[in-house]
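S.K.: One structure is given below, represented as structure tokens, and several questions about it will come after.
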Amino acid sequence: MLTVLFGVLAGIGFGLLAVTVRSALARGGDPEVGAIVMGTVALAVDVVLAAAFGNLGTVHPGDLWPFVLIGALVPGASQILFIQSVRLAGPSRAAIMIGVAPLVSALLAIAFLGEPIQVGLVIGTVIIVAGGAFLVAERSRPKEFQAIGIAIALACAVMFGIRDNLVREAQTHRHPPPLVATAASLLGACLTLLVYLLVVRRRELRERLRPSLRPFVPAGLTLGAAYAFLVEALAHGRVTIVAPLNATQSIFAVVFAAIIVGRAELIGRRTVIAGLLIVVGGALIGATR
């Protein structure tokens, strides 16, 4: 029951995250500097949660390093790509493509963990591909839309599929409280983003930080909550259950975009069908693994 609850809450949170990122960009926030703002705010949220509810007395520092390394990949390196995908493709379309993560997770498990190929995987893959076809074939798109944003979102989905398997594997062999593991992952993310910005954008970092700070704070709060829900879900249940529930972010992003962004997102019938097909395909893959 807790697995389902936390998985759905993670889907809601990550669906809302795509929209809050879009709002931050519309207010003039810098995509790459915004990533470190989001990560830092999310880290602060989860440190407070871990201190309050994380049972710190049972924590062994040696159990946390895998989560720091996982966080360097996701949401560290992936955060820059995620923000760019939202900027280029829009929140609903980026989130729909990220919804293919359960397929990626299943394929990785087959390739590297020896899981057998199930009929549900084949059928789910066909449904997901059909959803992608609907998204590619849609005619009405925002004027700012660029197809490269869909490709970047797909790269994020690959990274998220890797993350789901790594987190679950780490939770199997090491048992830190989920909230503490979340904070460790976000610490790894922040360190990665900070190193990147100091190397690539050092001269303009201070100049771009202030305009990006306030716009990206809501996104950081959302990321902190969503990531805590996701790690809690993975700590209570299998990736095969959690990944499809988290993939409902595709539909929640469409709903939130329609409510918050409105007509500018140009959400049509094909967009909604694409989101539904990808969520259904992911759920079928998860249910039959």
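Convention: chains lettered A, B, ... in structure tokens order; per-chain residue numbering from 1; ligands numbered from 1 as shown.
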Could you list, as a VMD selection string, every residue within 8 Å of A:Asp164, counting only C-alpha atoms and ignoring same-chain residues fewer than 5 positions away?

M.R.: chain A and resid 105 234 239 243

S.K.: Using only C-alpha atoms, tabulate the residues of stretch 6-117 of chain A lying at most 9 Å from any atom of stretch 259-269 of chain A, each with its closest atom pair and that distance in Å to one decimal, by chain and increasing residue number, as a Markdown table.

M.R.:
```
| residue | atom | partner | partner_atom | distance |
| --- | --- | --- | --- | --- |
| A:Val19 | CA | A:Val261 | CA | 7.6 |
| A:Arg22 | CA | A:Val261 | CA | 8.6 |
| A:Ser23 | CA | A:Val261 | CA | 8.0 |
| A:Gly90 | CA | A:Glu265 | CA | 6.9 |
| A:Pro91 | CA | A:Glu265 | CA | 8.2 |
| A:Ser92 | CA | A:Glu265 | CA | 7.8 |
| A:Arg93 | CA | A:Ile267 | CA | 8.9 |
```

S.K.: Which residues are near stretch 190-192 of chain A? Cut-off 10 Å, only C-alpha atoms, ignore same chain within fewer than 6 positions. Put them as a PDB file with all heavy atoms, in the first residue's frame.

M.R.:
```
ATOM      1  N   ALA A  35      19.398  24.745 -12.451  1.00  0.00           N
ATOM      2  CA  ALA A  35      19.567  23.357 -12.008  1.00  0.00           C
ATOM      3  C   ALA A  35      20.217  23.296 -10.633  1.00  0.00           C
ATOM      4  O   ALA A  35      19.801  22.500  -9.775  1.00  0.00           O
ATOM      5  CB  ALA A  35      20.395  22.581 -13.035  1.00  0.00           C
ATOM      6  N   ILE A  36      21.230  24.130 -10.382  1.00  0.00           N
ATOM      7  CA  ILE A  36      21.881  24.107  -9.071  1.00  0.00           C
ATOM      8  C   ILE A  36      20.981  24.733  -8.013  1.00  0.00           C
ATOM      9  O   ILE A  36      20.977  24.301  -6.847  1.00  0.00           O
ATOM     10  CB  ILE A  36      23.262  24.811  -9.118  1.00  0.00           C
ATOM     11  CG1 ILE A  36      24.023  24.618  -7.805  1.00  0.00           C
ATOM     12  CG2 ILE A  36      23.110  26.291  -9.396  1.00  0.00           C
ATOM     13  CD1 ILE A  36      24.451  23.223  -7.539  1.00  0.00           C
ATOM     14  N   VAL A  37      20.179  25.730  -8.397  1.00  0.00           N
ATOM     15  CA  VAL A  37      19.220  26.308  -7.457  1.00  0.00           C
ATOM     16  C   VAL A  37      18.201  25.246  -7.047  1.00  0.00           C
ATOM     17  O   VAL A  37      17.931  25.054  -5.850  1.00  0.00           O
ATOM     18  CB  VAL A  37      18.501  27.522  -8.076  1.00  0.00           C
ATOM     19  CG1 VAL A  37      17.382  28.012  -7.152  1.00  0.00           C
ATOM     20  CG2 VAL A  37      19.488  28.655  -8.346  1.00  0.00           C
ATOM     21  N   MET A  38      17.659  24.537  -8.031  1.00  0.00           N
ATOM     22  CA  MET A  38      16.705  23.468  -7.735  1.00  0.00           C
ATOM     23  C   MET A  38      17.315  22.408  -6.843  1.00  0.00           C
ATOM     24  O   MET A  38      16.711  21.974  -5.850  1.00  0.00           O
ATOM     25  CB  MET A  38      16.235  22.820  -9.039  1.00  0.00           C
ATOM     26  CG  MET A  38      15.276  23.638  -9.860  1.00  0.00           C
ATOM     27  SD  MET A  38      14.916  22.843 -11.447  1.00  0.00           S
ATOM     28  CE  MET A  38      14.286  21.251 -10.919  1.00  0.00           C
ATOM     29  N   GLY A  39      18.520  21.968  -7.181  1.00  0.00           N
ATOM     30  CA  GLY A  39      19.171  20.920  -6.409  1.00  0.00           C
ATOM     31  C   GLY A  39      19.435  21.336  -4.974  1.00  0.00           C
ATOM     32  O   GLY A  39      19.239  20.548  -4.038  1.00  0.00           O
ATOM     33  N   THR A  40      19.865  22.581  -4.787  1.00  0.00           N
ATOM     34  CA  THR A  40      20.184  23.069  -3.447  1.00  0.00           C
ATOM     35  C   THR A  40      18.931  23.186  -2.586  1.00  0.00           C
ATOM     36  O   THR A  40      18.917  22.793  -1.417  1.00  0.00           O
ATOM     37  CB  THR A  40      20.886  24.433  -3.536  1.00  0.00           C
ATOM     38  OG1 THR A  40      22.065  24.315  -4.351  1.00  0.00           O
ATOM     39  CG2 THR A  40      21.277  24.928  -2.164  1.00  0.00           C
ATOM     40  N   VAL A  41      17.866  23.736  -3.178  1.00  0.00           N
ATOM     41  CA  VAL A  41      16.603  23.855  -2.438  1.00  0.00           C
ATOM     42  C   VAL A  41      16.058  22.467  -2.094  1.00  0.00           C
ATOM     43  O   VAL A  41      15.615  22.221  -0.967  1.00  0.00           O
ATOM     44  CB  VAL A  41      15.572  24.661  -3.255  1.00  0.00           C
ATOM     45  CG1 VAL A  41      14.206  24.634  -2.577  1.00  0.00           C
ATOM     46  CG2 VAL A  41      16.035  26.098  -3.432  1.00  0.00           C
ATOM     47  N   ALA A  42      16.099  21.549  -3.068  1.00  0.00           N
ATOM     48  CA  ALA A  42      15.624  20.191  -2.827  1.00  0.00           C
ATOM     49  C   ALA A  42      16.445  19.510  -1.736  1.00  0.00           C
ATOM     50  O   ALA A  42      15.898  18.795  -0.875  1.00  0.00           O
ATOM     51  CB  ALA A  42      15.683  19.370  -4.114  1.00  0.00           C
ATOM     52  N   LEU A  43      17.762  19.718  -1.747  1.00  0.00           N
ATOM     53  CA  LEU A  43      18.631  19.148  -0.715  1.00  0.00           C
ATOM     54  C   LEU A  43      18.249  19.684   0.661  1.00  0.00           C
ATOM     55  O   LEU A  43      18.166  18.923   1.635  1.00  0.00           O
ATOM     56  CB  LEU A  43      20.094  19.474  -1.019  1.00  0.00           C
ATOM     57  CG  LEU A  43      21.118  19.048   0.044  1.00  0.00           C
ATOM     58  CD1 LEU A  43      21.087  17.548   0.254  1.00  0.00           C
ATOM     59  CD2 LEU A  43      22.525  19.503  -0.378  1.00  0.00           C
ATOM     60  N   VAL A  68      25.119   8.783  -3.142  1.00  0.00           N
ATOM     61  CA  VAL A  68      25.790   9.999  -3.593  1.00  0.00           C
ATOM     62  C   VAL A  68      26.195   9.862  -5.064  1.00  0.00           C
ATOM     63  O   VAL A  68      26.004  10.778  -5.874  1.00  0.00           O
ATOM     64  CB  VAL A  68      27.024  10.308  -2.722  1.00  0.00           C
ATOM     65  CG1 VAL A  68      27.790  11.507  -3.273  1.00  0.00           C
ATOM     66  CG2 VAL A  68      26.598  10.580  -1.278  1.00  0.00           C
ATOM     67  N   LEU A  69      26.723   8.694  -5.426  1.00  0.00           N
ATOM     68  CA  LEU A  69      27.133   8.460  -6.816  1.00  0.00           C
ATOM     69  C   LEU A  69      25.927   8.416  -7.748  1.00  0.00           C
ATOM     70  O   LEU A  69      25.972   8.955  -8.858  1.00  0.00           O
ATOM     71  CB  LEU A  69      27.920   7.151  -6.904  1.00  0.00           C
ATOM     72  CG  LEU A  69      29.274   7.128  -6.192  1.00  0.00           C
ATOM     73  CD1 LEU A  69      29.932   5.760  -6.346  1.00  0.00           C
ATOM     74  CD2 LEU A  69      30.193   8.216  -6.729  1.00  0.00           C
ATOM     75  N   GLY A  71      23.130   9.946  -7.271  1.00  0.00           N
ATOM     76  CA  GLY A  71      22.655  11.333  -7.367  1.00  0.00           C
ATOM     77  C   GLY A  71      23.488  12.177  -8.316  1.00  0.00           C
ATOM     78  O   GLY A  71      22.972  13.112  -8.932  1.00  0.00           O
ATOM     79  N   ALA A  72      24.769  11.850  -8.450  1.00  0.00           N
ATOM     80  CA  ALA A  72      25.600  12.591  -9.405  1.00  0.00           C
ATOM     81  C   ALA A  72      25.071  12.427 -10.826  1.00  0.00           C
ATOM     82  O   ALA A  72      25.124  13.361 -11.640  1.00  0.00           O
ATOM     83  CB  ALA A  72      27.047  12.100  -9.316  1.00  0.00           C
ATOM     84  N   LEU A  73      24.516  11.232 -11.114  1.00  0.00           N
ATOM     85  CA  LEU A  73      23.932  10.990 -12.440  1.00  0.00           C
ATOM     86  C   LEU A  73      22.519  11.542 -12.519  1.00  0.00           C
ATOM     87  O   LEU A  73      22.183  12.324 -13.421  1.00  0.00           O
ATOM     88  CB  LEU A  73      23.918   9.485 -12.725  1.00  0.00           C
ATOM     89  CG  LEU A  73      23.240   9.053 -14.034  1.00  0.00           C
ATOM     90  CD1 LEU A  73      24.044   9.531 -15.239  1.00  0.00           C
ATOM     91  CD2 LEU A  73      23.066   7.533 -14.075  1.00  0.00           C
ATOM     92  N   VAL A  74      21.670  11.116 -11.576  1.00  0.00           N
ATOM     93  CA  VAL A  74      20.275  11.541 -11.497  1.00  0.00           C
ATOM     94  C   VAL A  74      19.940  11.823 -10.035  1.00  0.00           C
ATOM     95  O   VAL A  74      20.091  10.931  -9.188  1.00  0.00           O
ATOM     96  CB  VAL A  74      19.320  10.443 -12.017  1.00  0.00           C
ATOM     97  CG1 VAL A  74      17.868  10.918 -11.924  1.00  0.00           C
ATOM     98  CG2 VAL A  74      19.649  10.050 -13.440  1.00  0.00           C
ATOM     99  N   PRO A  75      19.570  13.067  -9.711  1.00  0.00           N
ATOM    100  CA  PRO A  75      19.212  14.168 -10.598  1.00  0.00           C
ATOM    101  C   PRO A  75      20.316  15.170 -10.886  1.00  0.00           C
ATOM    102  O   PRO A  75      20.007  16.331 -11.187  1.00  0.00           O
ATOM    103  CB  PRO A  75      18.081  14.849  -9.825  1.00  0.00           C
ATOM    104  CG  PRO A  75      18.497  14.700  -8.382  1.00  0.00           C
ATOM    105  CD  PRO A  75      19.193  13.361  -8.298  1.00  0.00           C
ATOM    106  N   GLY A  76      21.578  14.761 -10.810  1.00  0.00           N
ATOM    107  CA  GLY A  76      22.672  15.691 -11.079  1.00  0.00           C
ATOM    108  C   GLY A  76      22.789  16.038 -12.546  1.00  0.00           C
ATOM    109  O   GLY A  76      22.259  17.048 -13.019  1.00  0.00           O
ATOM    110  N   ALA A  77      23.493  15.193 -13.291  1.00  0.00           N
ATOM    111  CA  ALA A  77      23.680  15.448 -14.716  1.00  0.00           C
ATOM    112  C   ALA A  77      22.353  15.514 -15.465  1.00  0.00           C
ATOM    113  O   ALA A  77      22.175  16.311 -16.396  1.00  0.00           O
ATOM    114  CB  ALA A  77      24.564  14.356 -15.314  1.00  0.00           C
ATOM    115  N   ALA A 184      21.334  12.129   0.522  1.00  0.00           N
ATOM    116  CA  ALA A 184      22.653  11.781  -0.009  1.00  0.00           C
ATOM    117  C   ALA A 184      22.672  11.891  -1.532  1.00  0.00           C
ATOM    118  O   ALA A 184      23.635  12.393  -2.122  1.00  0.00           O
ATOM    119  CB  ALA A 184      23.035  10.365   0.427  1.00  0.00           C
TER     120      ALA A 184
END
```

S.K.: Skipping near chain neighbours, those fewer than 5 positions away, what residues fall within 8 Å of stretch 107-117 of chain A using only C-alpha atoms, listed as a short mmCIF file (atom, residue, chain, number, x, y, z; two decimals) with all heavy atoms, in the first residue's frame?

M.R.:
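Contents of the output file result-v8.cif:
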```
data_model
loop_
_atom_site.label_atom_id
_atom_site.label_comp_id
_atom_site.auth_asym_id
_atom_site.auth_seq_id
_atom_site.Cartn_x
_atom_site.Cartn_y
_atom_site.Cartn_z
N VAL A 122 6.68 -7.09 -24.54
CA VAL A 122 6.54 -6.90 -25.99
C VAL A 122 5.32 -6.04 -26.29
O VAL A 122 5.37 -5.07 -27.06
CB VAL A 122 6.44 -8.26 -26.70
CG1 VAL A 122 6.21 -8.05 -28.20
CG2 VAL A 122 7.69 -9.09 -26.45
N GLY A 161 15.70 5.40 -16.04
CA GLY A 161 15.62 3.95 -16.00
C GLY A 161 16.83 3.34 -15.32
O GLY A 161 16.72 2.39 -14.53
N ILE A 162 18.00 3.89 -15.61
CA ILE A 162 19.22 3.45 -14.94
C ILE A 162 19.13 3.73 -13.44
O ILE A 162 19.45 2.88 -12.60
CB ILE A 162 20.45 4.14 -15.54
CG1 ILE A 162 20.65 3.70 -17.00
CG2 ILE A 162 21.71 3.85 -14.72
CD1 ILE A 162 21.71 4.50 -17.74
N ASN A 165 16.89 1.27 -11.31
CA ASN A 165 17.52 -0.02 -11.03
C ASN A 165 18.65 0.12 -10.01
O ASN A 165 18.81 -0.73 -9.13
CB ASN A 165 18.06 -0.63 -12.33
CG ASN A 165 16.96 -1.28 -13.16
OD1 ASN A 165 16.49 -2.36 -12.85
ND2 ASN A 165 16.54 -0.60 -14.22
#
```

S.K.: Do a neighbour search on A:Val231 at 9 Å with only C-alpha atoms, toss out local chain neighbours closer than 2 positions, and write the hits as a PyMOL selection string.

M.R.: chain A and resi 6-7+10+167-168+178-179+181-182+226-229+233-236

S.K.: For atom CA of A:Val200 and atom CA of A:Leu213, determine how far apart the two atoms are, in Å to one decimal place.

M.R.: 18.9 Å

S.K.: If you run DSSP on the backbone, which residues of stretch 20-163 of chain A are alpha helix (DSSP H), as a CSV table (one decimal) with C-alpha atoms, in the first residue's frame?

M.R.:
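Generated file (part-v9.csv):
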```
chain,number,residue,atom,x,y,z
A,20,THR,CA,7.2,24.7,-12.4
A,21,VAL,CA,10.4,24.5,-14.4
A,22,ARG,CA,8.6,25.9,-17.4
A,23,SER,CA,7.3,28.7,-15.3
A,24,ALA,CA,10.8,29.5,-14.0
A,25,LEU,CA,12.2,29.6,-17.5
A,26,ALA,CA,9.4,32.0,-18.5
A,31,PRO,CA,18.5,26.7,-17.3
A,32,GLU,CA,21.9,25.5,-16.1
A,33,VAL,CA,22.1,27.9,-13.1
A,34,GLY,CA,18.5,27.0,-12.3
A,35,ALA,CA,19.6,23.4,-12.0
A,36,ILE,CA,21.9,24.1,-9.1
A,37,VAL,CA,19.2,26.3,-7.5
A,38,MET,CA,16.7,23.5,-7.7
A,39,GLY,CA,19.2,20.9,-6.4
A,40,THR,CA,20.2,23.1,-3.4
A,41,VAL,CA,16.6,23.9,-2.4
A,42,ALA,CA,15.6,20.2,-2.8
A,43,LEU,CA,18.6,19.1,-0.7
A,44,ALA,CA,17.6,21.6,2.0
A,45,VAL,CA,14.1,20.2,2.0
A,46,ASP,CA,15.2,16.6,2.3
A,47,VAL,CA,17.9,17.4,5.0
A,48,VAL,CA,15.1,18.8,7.1
A,49,LEU,CA,12.9,15.8,6.4
A,50,ALA,CA,15.7,13.4,7.2
A,51,ALA,CA,16.6,15.2,10.4
A,52,ALA,CA,12.9,15.1,11.5
A,53,PHE,CA,11.9,11.6,10.3
A,65,TRP,CA,28.2,6.6,-0.9
A,66,PRO,CA,26.2,4.6,-3.5
A,67,PHE,CA,23.4,7.1,-3.3
A,68,VAL,CA,25.8,10.0,-3.6
A,69,LEU,CA,27.1,8.5,-6.8
A,70,ILE,CA,23.6,7.7,-8.1
A,71,GLY,CA,22.7,11.3,-7.4
A,78,SER,CA,20.1,14.7,-15.8
A,79,GLN,CA,18.8,17.9,-14.3
A,80,ILE,CA,20.4,20.1,-16.9
A,81,LEU,CA,19.0,17.9,-19.6
A,82,PHE,CA,15.6,17.8,-18.1
A,83,ILE,CA,15.4,21.6,-17.9
A,84,GLN,CA,16.5,21.9,-21.5
A,85,SER,CA,13.9,19.4,-22.6
A,86,VAL,CA,11.2,21.4,-20.9
A,87,ARG,CA,12.5,24.6,-22.5
A,88,LEU,CA,12.7,23.1,-26.0
A,89,ALA,CA,9.7,20.8,-26.0
A,91,PRO,CA,6.5,20.5,-20.0
A,92,SER,CA,3.7,18.2,-21.2
A,93,ARG,CA,5.6,16.8,-24.2
A,94,ALA,CA,8.9,16.4,-22.3
A,95,ALA,CA,7.1,14.6,-19.4
A,96,ILE,CA,5.3,12.3,-21.9
A,97,MET,CA,8.6,11.2,-23.4
A,98,ILE,CA,10.2,10.7,-19.9
A,101,ALA,CA,11.5,5.1,-18.4
A,102,PRO,CA,9.7,1.9,-17.3
A,103,LEU,CA,10.6,0.4,-20.7
A,104,VAL,CA,14.2,1.5,-20.4
A,105,SER,CA,14.3,0.0,-16.9
A,106,ALA,CA,12.9,-3.3,-18.1
A,107,LEU,CA,15.3,-3.5,-21.0
A,108,LEU,CA,18.3,-2.8,-18.8
A,109,ALA,CA,17.1,-5.5,-16.4
A,110,ILE,CA,17.0,-8.0,-19.3
A,111,ALA,CA,20.3,-7.0,-20.6
A,112,PHE,CA,22.3,-6.8,-17.4
A,113,LEU,CA,20.3,-8.6,-14.7
A,119,VAL,CA,4.8,-11.1,-23.4
A,120,GLY,CA,3.8,-8.0,-21.4
A,121,LEU,CA,7.1,-6.3,-22.3
A,122,VAL,CA,6.5,-6.9,-26.0
A,123,ILE,CA,2.9,-5.6,-25.9
A,124,GLY,CA,3.9,-2.7,-23.6
A,125,THR,CA,6.7,-1.8,-26.0
A,126,VAL,CA,4.3,-1.7,-28.9
A,127,ILE,CA,1.9,0.5,-27.0
A,128,ILE,CA,4.7,2.9,-25.9
A,129,VAL,CA,6.0,3.2,-29.5
A,130,ALA,CA,2.4,3.9,-30.6
A,131,GLY,CA,2.3,6.7,-28.0
A,132,GLY,CA,5.5,8.1,-29.3
A,133,ALA,CA,4.2,8.0,-32.8
A,134,PHE,CA,1.1,10.0,-31.8
A,135,LEU,CA,3.3,12.6,-30.2
A,136,VAL,CA,5.6,12.9,-33.2
A,137,ALA,CA,2.6,13.1,-35.6
A,148,ILE,CA,15.5,18.2,-30.2
A,149,GLY,CA,13.7,18.7,-26.9
A,150,ILE,CA,12.0,15.3,-27.4
A,151,ALA,CA,15.3,13.6,-28.0
A,152,ILE,CA,16.7,15.2,-24.8
A,153,ALA,CA,13.7,14.0,-22.8
A,154,LEU,CA,14.3,10.5,-24.2
A,155,ALA,CA,17.9,10.7,-22.9
A,156,CYS,CA,16.5,11.7,-19.5
A,157,ALA,CA,14.2,8.6,-19.6
A,158,VAL,CA,17.3,6.4,-20.2
A,159,MET,CA,19.0,8.0,-17.2
A,160,PHE,CA,15.9,7.6,-15.0
A,161,GLY,CA,15.6,3.9,-16.0
A,162,ILE,CA,19.2,3.4,-14.9
A,163,ARG,CA,18.5,5.3,-11.7
```

S.K.: State, in Å with one decimal place, the distance from atom CA of A:Ile241 to atom CA of A:Gly281.

M.R.: 13.1 Å

S.K.: Just how far from atom CA of A:Leu17 is atom CA of A:Leu223, in Å to one decimal?

M.R.: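 Result for atom CA of A:Leu223 versus atom CA of A:Leu17: 6.4 Å, one decimal.
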
S.K.: Near A:Gly28, counting only C-alpha atoms, which residues have an atom at most 10 Å away, once you skip same-chain residues fewer than 6 positions from it, shown as a list in words?

M.R.: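 In the requested form, the answer reads Arg208, Pro211, Ser212, Pro215 and Phe216 of chain A.
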
S.K.: Which is closest to A:Val254 among A:Leu2, A:Pro176, A:Gly54, A:Ala18, if we use only C-alpha atoms?

M.R.: A:Ala18

S.K.: With only C-alpha atoms as the atoms that count, which of A:Glu232, A:Val279, A:Gly11, A:Asn246 lies nearest to A:His175?

M.R.: A:Glu232
